[in-house]
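Visitor: Below is one structure. I have some questions about it.
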Amino acid sequence: MSEDLKNAHVLVTGATGFVGQAVVEKLLSAYPSTRITVLVRPRGALSAQARVDKLLRKPVFEPWRERVGAEQAEAEAAQRLTVLAGDLEDVPPLPGDLDVVIHSASTVSFDLPIDEAFASNVGGPVNLYQAIAASGSDPHVVHVSTCYVAGLRKGLAEERSLEHDVDREAEMARALAARTGAESASRRPQPLGRMVAKARAQHRRAGAQAVAQAAEQARRAWVHDQLVEAGRTRATSLGWPDVYTFTKALGERVAEDLWGASRRLSVVRPTIIESSLQHPFPGWIDGFKVADPLIAAYGRGMLPEFPALADTILDVIPVDHVVNAILAAAASPPPVAEPQYFQVSSGSRNPLRFGTLLRLIRGYFRKHPLTDAQGSFVQVPNWTFPNGPAVQRSLRRREIAVDTADKLVGRLPANDTTRQWISTIYKAKRDLGTLRKFTDLYQAYTQTEVVFDDTNTRALHEAVADDRKAEHGFDVTAIDWAHYLQEVHVPKVPGLMRERRSRPKPSIDAENLPAREDVLAVFDLHGTVAAASLIEHYVWVELAAKGALPALRELGGMVASSGTYLQAERRDRGDFIRSFMRRYAGISEEELREVIATKVTPSLRARVHAEATERIARHRAAGHRTVLVTGQIDVFVEPLADMFDVIVAGEMEKDARGRWTGHLATSPLVDEARAAWLVRYAREEGVDLAASYAYGDTYSDRPWLDVVGHASVVNPDSSLYRYAREKRWPVHSWTTTAEGRLSPVVRSITGPAGR
């Protein structure tokens, strides 16, 4: 065995991936005479060279850089490492003097759309091996695959070529054509009509464009889901658990057909690759790997139960073992046309059973518990390992219960209590979604009964010189699982270290508004700046103009009509304003202005939220232009003129005598119309919307809240609260000392429509 790959020229694909970057690091740090070419595609504004320069500053290279010095590391990389811009979809011309090719590039996802999985894991190898042949090189190819290409089976999986008769070319053609069929099906009237109807029911208050956007997003999601299901179904119909293992199996067949049949080929199949045991340092990992989402979700208390078998082997292997095996295989080429296979696994000689894994992980989190949002320690569950159908039934019952609760709470009046319920339901849905995803994706791996033979791999390790085994060996029997999991791996799982301490919520009062003159602070009126509503304005006018008894009779009429108003508001905010303002038909604008100025103003000012007054003042102090944009009629908001730099309100149509006709002079400035006005106003006034602020309280405010960089919601209704949670917008509860003074009669008609 030429273990040092002396003077070899090595091409590495997938160099920016988890295994690929570890291979490049080991070649740089421990194989001083090798030359390395990496195939890397540009990404966005980053060139391939810039991506590699960035890669060399990642943690995996830090020990090497510290050992040789930054200057020497830069010099070695410049001398030994060549960056070839391109990808496996369109492979550029390759060097003609390659000695070894390590193909580690692939898309590692269990639920990819079928066309994407085939393009990456089957089409990619086809393009690569054709490009190698065209280069004139005759390298030894090390094709990195996965043990799970063995498929759904029990018993021993040997280190040999897979036995199947799947026509890879036919499968590839059908997979790539699947998107065209799904796109066509998604545009048919029946499924598209259902999507539009659902989008309209959920988003019509935010405007027609919001409905259209939601419908199109739903259509694209439907296409994606259809393609994911197509991949999963086709894989299981042929004996593989998912589209990833299915396409990786066909990728192996590509390597055998296009290279191994007449050249030198080694296939290296790792199992579940996790953090390093020793090199470059204990616990090195780059992103979430297969087992890590399960570990993290378990530590957060999100997985009360899971469909696993306690005696199932979860075949885990540290990444440095995999890298050493790849490089040992690279240095030991087989004879021409006699491919060799190496399964880098632990289950045969040092099995980690799922029950043992749970005990070790539970012990770790009991000693090092995470904290929840309130700072309390999370109690991790103790799984009882029920059978898969029992977990599925329990999960479905919980999903139905949460969906039902979500619908019921969404119909309740918006207040702090209902928003707290919505938050609880939101978390429950998130946790159930996580459990559902993990159950669907990982059940095949947590209930597998296959054991991977590693006879060839063991012999490859034994062939490593004794004085090199400590640094370049991969003896799985030396792994102490308790030490590895509790002291090496779990402490380095991404995200867990950050969540051991509660993260205090930022104080709103301590918010430091930047001083700028090109920034807006835009406020809605009803429910945001003031607790007053269109209906309350009307009541105040009636009381001031007619006295108590006529006003009460008028209130009785409004109670009778309240259902109509509520339906109009739920359908469209503009329809509600049009419908309600007809009650003012025949009123004199001048007389109304006098009544408002002398008798209604105190009531309106008393209903202004104290926090709104403070927030407006702070924006003004920072130089921001304060804007009130409301669908209310201008006469009613004149009492608030001193609070804002700009007020944009509606107008009523007047007859020749100056009396209101009951119709609006212009369309209400609500939802999308308000967003359009805001965008145009910002453009004409030279305002930076990305740095601007906006405050709203109902889902109809969503379109214009979306156009600013700093949106906040105030006493939001249920739909806006859910949306704010998704967008991570601040949620404020603003109050006024005048709240609670409304009579029961008025309260009965100032629910959602009163906002």
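Quick note on naming: the chains in the structure tokens go A, B, ... in the order shown, residues restart at 1 in each chain, and ligands are numbered from 1 in order of appearance.
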Which parts of stretch 635-715 of chain A does DSSP call helix (DSSP H, G or I) when run on the backbone here, written out as number ranges by chain?
Guide: A: 635-643, 671-685, 689-691, 699-705
Visitor: Using only C-alpha atoms, which residues sit within 9 Å of A:His203 once same-chain residues fewer than 6 positions away are excluded, as JSON, numbers by chain?
Guide: {"A": [210, 211, 214, 699, 700, 719]}
Visitor: Would you export the selected residues with N, CA and C atoms as a PDB file, in the first residue's frame, please?
Guide:
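The resulting file, out.pdb, is reproduced below:
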ATOM      1  N   ALA A 210     -52.615  39.436  -2.109  1.00  0.00           N
ATOM      2  CA  ALA A 210     -52.236  38.482  -1.068  1.00  0.00           C
ATOM      3  C   ALA A 210     -52.864  37.125  -1.340  1.00  0.00           C
ATOM      4  N   VAL A 211     -54.113  37.122  -1.803  1.00  0.00           N
ATOM      5  CA  VAL A 211     -54.782  35.874  -2.164  1.00  0.00           C
ATOM      6  C   VAL A 211     -54.049  35.202  -3.314  1.00  0.00           C
ATOM      7  N   ALA A 214     -50.704  33.782  -2.172  1.00  0.00           N
ATOM      8  CA  ALA A 214     -50.887  32.579  -1.367  1.00  0.00           C
ATOM      9  C   ALA A 214     -51.284  31.395  -2.234  1.00  0.00           C
ATOM     10  N   TYR A 699     -55.240  41.709  10.198  1.00  0.00           N
ATOM     11  CA  TYR A 699     -54.627  41.014   9.073  1.00  0.00           C
ATOM     12  C   TYR A 699     -54.722  41.816   7.781  1.00  0.00           C
ATOM     13  N   SER A 700     -55.707  42.704   7.698  1.00  0.00           N
ATOM     14  CA  SER A 700     -55.803  43.560   6.515  1.00  0.00           C
ATOM     15  C   SER A 700     -54.630  44.528   6.427  1.00  0.00           C
ATOM     16  N   SER A 719     -55.302  36.275  13.142  1.00  0.00           N
ATOM     17  CA  SER A 719     -54.595  35.999  11.884  1.00  0.00           C
ATOM     18  C   SER A 719     -53.295  36.776  11.798  1.00  0.00           C
TER      19      SER A 719
END
Visitor: Enumerate as a PyMOL selection string all residues of stretch 40-285 of chain A assigned to strand (DSSP E) by DSSP on the backbone, naming them with the chain letters and numbers the document uses.
Guide: chain A and resi 40+81-85+100-103+140-144+154-157+265-270+272-274
Visitor: For atom CA of A:Arg160 and atom CA of A:Phe452, determine how far apart the two atoms are, in Å to one decimal place.
Guide: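 That distance, rounded to one decimal, is 11.0 Å.
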Visitor: Here is a test: counting only C-alpha atoms, which residue of A:Val108, A:Ala218, A:Val23, A:Val10 is nearest to A:Pro139?
Guide: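 Looking only at the distances to A:Pro139, the closest residue turns out to be A:Val10.
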Visitor: Using only C-alpha atoms, can you tell me which of A:Trp660, A:Trp259, A:Phe523, A:Phe576 comes closest to A:Ile616?
Guide: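 Comparing A:Trp660, A:Trp259, A:Phe523, A:Phe576 against A:Ile616, the winner is A:Phe523.
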Visitor: With only C-alpha atoms as the counted atoms, please give the residues lying no more than 10 Å from A:Arg80, apart from itself and same-chain residues fewer than 3 positions off, as a PyMOL selection string.
Guide: chain A and resi 9+27-28+32-37+75-77
Visitor: Tell me which of A:Arg362, A:Arg728, A:Lys154, A:Arg234 sits closest to A:Val450, counting only C-alpha atoms.
Guide: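 Using only C-alpha atoms, the shortest distance to A:Val450 belongs to A:Lys154.
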Visitor: Fewer than 3 positions away in the same chain doesn't count, so skip those; otherwise give me all residues within 9 Å of A:Leu327, counting only C-alpha atoms, as a PyMOL selection string.
Guide: chain A and resi 3-5+23+26-27+102+142+322-324+330-332+472
Visitor: Would you put the residues from that selection into a file with N, CA, C and O atoms, as a PDB file, in the first residue's frame?
Guide:
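Everything below was put into out_3.pdb:
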ATOM      1  N   GLU A   3       0.751   4.292   1.118  1.00  0.00           N
ATOM      2  CA  GLU A   3      -0.150   4.969   2.042  1.00  0.00           C
ATOM      3  C   GLU A   3      -0.025   6.485   2.021  1.00  0.00           C
ATOM      4  O   GLU A   3      -0.925   7.179   2.476  1.00  0.00           O
ATOM      5  N   ASP A   4       1.040   7.003   1.510  1.00  0.00           N
ATOM      6  CA  ASP A   4       1.211   8.451   1.572  1.00  0.00           C
ATOM      7  C   ASP A   4       0.723   9.152   0.315  1.00  0.00           C
ATOM      8  O   ASP A   4       0.800  10.373   0.217  1.00  0.00           O
ATOM      9  N   LEU A   5       0.193   8.409  -0.682  1.00  0.00           N
ATOM     10  CA  LEU A   5      -0.240   9.004  -1.954  1.00  0.00           C
ATOM     11  C   LEU A   5       0.840   9.952  -2.484  1.00  0.00           C
ATOM     12  O   LEU A   5       0.552  11.054  -2.927  1.00  0.00           O
ATOM     13  N   VAL A  23     -11.793  15.734   3.761  1.00  0.00           N
ATOM     14  CA  VAL A  23     -10.812  15.075   2.900  1.00  0.00           C
ATOM     15  C   VAL A  23      -9.739  16.068   2.464  1.00  0.00           C
ATOM     16  O   VAL A  23      -8.533  15.780   2.519  1.00  0.00           O
ATOM     17  N   LYS A  26      -7.384  16.831   5.350  1.00  0.00           N
ATOM     18  CA  LYS A  26      -6.452  15.746   5.670  1.00  0.00           C
ATOM     19  C   LYS A  26      -5.347  15.651   4.612  1.00  0.00           C
ATOM     20  O   LYS A  26      -4.175  15.417   4.939  1.00  0.00           O
ATOM     21  N   LEU A  27      -5.697  15.886   3.353  1.00  0.00           N
ATOM     22  CA  LEU A  27      -4.677  15.880   2.310  1.00  0.00           C
ATOM     23  C   LEU A  27      -3.679  17.013   2.515  1.00  0.00           C
ATOM     24  O   LEU A  27      -2.466  16.825   2.357  1.00  0.00           O
ATOM     25  N   ILE A 102     -11.620  11.512  -6.077  1.00  0.00           N
ATOM     26  CA  ILE A 102     -12.491  11.188  -4.937  1.00  0.00           C
ATOM     27  C   ILE A 102     -13.810  11.910  -5.170  1.00  0.00           C
ATOM     28  O   ILE A 102     -13.894  13.134  -5.062  1.00  0.00           O
ATOM     29  N   VAL A 142     -12.360   6.835  -6.513  1.00  0.00           N
ATOM     30  CA  VAL A 142     -12.985   6.439  -5.251  1.00  0.00           C
ATOM     31  C   VAL A 142     -14.364   7.084  -5.218  1.00  0.00           C
ATOM     32  O   VAL A 142     -14.491   8.304  -5.101  1.00  0.00           O
ATOM     33  N   VAL A 322     -14.190   7.896   8.395  1.00  0.00           N
ATOM     34  CA  VAL A 322     -14.584   7.834   6.985  1.00  0.00           C
ATOM     35  C   VAL A 322     -13.486   8.408   6.095  1.00  0.00           C
ATOM     36  O   VAL A 322     -13.123   7.820   5.070  1.00  0.00           O
ATOM     37  N   VAL A 323     -12.954   9.561   6.480  1.00  0.00           N
ATOM     38  CA  VAL A 323     -11.906  10.200   5.686  1.00  0.00           C
ATOM     39  C   VAL A 323     -10.680   9.297   5.594  1.00  0.00           C
ATOM     40  O   VAL A 323     -10.101   9.117   4.510  1.00  0.00           O
ATOM     41  N   ASN A 324     -10.271   8.718   6.719  1.00  0.00           N
ATOM     42  CA  ASN A 324      -9.101   7.825   6.695  1.00  0.00           C
ATOM     43  C   ASN A 324      -9.344   6.615   5.798  1.00  0.00           C
ATOM     44  O   ASN A 324      -8.437   6.161   5.081  1.00  0.00           O
ATOM     45  N   ALA A 330      -7.994   5.052  -1.543  1.00  0.00           N
ATOM     46  CA  ALA A 330      -7.397   5.766  -2.676  1.00  0.00           C
ATOM     47  C   ALA A 330      -5.965   5.318  -2.925  1.00  0.00           C
ATOM     48  O   ALA A 330      -5.500   5.263  -4.069  1.00  0.00           O
ATOM     49  N   ALA A 331      -5.268   5.004  -1.821  1.00  0.00           N
ATOM     50  CA  ALA A 331      -3.868   4.575  -1.927  1.00  0.00           C
ATOM     51  C   ALA A 331      -3.729   3.091  -2.241  1.00  0.00           C
ATOM     52  O   ALA A 331      -2.611   2.592  -2.385  1.00  0.00           O
ATOM     53  N   SER A 332      -4.851   2.374  -2.360  1.00  0.00           N
ATOM     54  CA  SER A 332      -4.806   0.925  -2.604  1.00  0.00           C
ATOM     55  C   SER A 332      -5.707   0.567  -3.779  1.00  0.00           C
ATOM     56  O   SER A 332      -6.774  -0.038  -3.607  1.00  0.00           O
ATOM     57  N   HIS A 472      -3.967   7.520  10.928  1.00  0.00           N
ATOM     58  CA  HIS A 472      -4.639   7.219   9.672  1.00  0.00           C
ATOM     59  C   HIS A 472      -5.529   5.983   9.738  1.00  0.00           C
ATOM     60  O   HIS A 472      -6.110   5.598   8.714  1.00  0.00           O
TER      61      HIS A 472
END
Visitor: Work out how far apart atom CA of A:Gln340 and atom CA of A:Ala105 are and give it in Å to one decimal.
Guide: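 Straight-line distance from atom CA of A:Gln340 to atom CA of A:Ala105 works out to 19.6 Å.
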Visitor: Can you work out the spacing between atom CA of A:Asp53 and atom CA of A:Thr146 in Å, to one decimal?
Guide: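 Taking atom CA of A:Asp53 and atom CA of A:Thr146, their separation equals 28.9 Å.
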Visitor: Rank nothing, just name the residue among A:Ile114, A:Leu485, A:Val476, A:Ile132 nearest to A:Ala291, using only C-alpha atoms.
Guide: A:Leu485
Visitor: Looking at A:Glu216, A:Glu449, A:Asp257, A:Glu471, which one is nearest to A:Thr312, with distances taken over only C-alpha atoms?
Guide: A:Glu449
Visitor: Please provide as a ChimeraX atom specification all residues within 9 Å of A:Asp90, with the sequence filter that same-chain residues fewer than 2 positions apart are discarded (counting only C-alpha atoms).
Guide: /A:86-88,92,124,127-128
Visitor: Go through A:His103, A:Arg253, A:Arg659, A:Arg680 one by one, measure the shortest atom-to-atom distance of each to A:Arg168 using only C-alpha atoms, and give the residue with the smallest value.
Guide: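 Among the listed residues, the smallest separation from A:Arg168 belongs to A:Arg253.
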Visitor: Extract, using only C-alpha atoms, all DNA, RNA and protein residues at most 12 Å from A:Glu159, discarding same-chain residues fewer than 3 positions from it, and format them as a count of residues only.
Guide: 28
Visitor: Can you list, as a list in words, every protein, DNA or RNA residue that comes within 9 Å of A:Glu116 when you count only C-alpha atoms, leaving out same-chain residues fewer than 5 positions away?
Guide: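 Surrounding residues, per the criterion: Thr107, Asn121, Ala175 and Leu176 of chain A.
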Visitor: Write the residues of the selection above to a file with C-alpha atoms, as a JSON list (two decimals), in the first residue's frame.
Guide:
[["chain", "number", "residue", "atom", "x", "y", "z"],
["A", 107, "THR", "CA", -27.28, 15.83, -2.39],
["A", 121, "ASN", "CA", -26.96, 11.65, -7.59],
["A", 175, "ALA", "CA", -37.68, 11.29, -13.08],
["A", 176, "LEU", "CA", -36.55, 14.33, -15.05]]
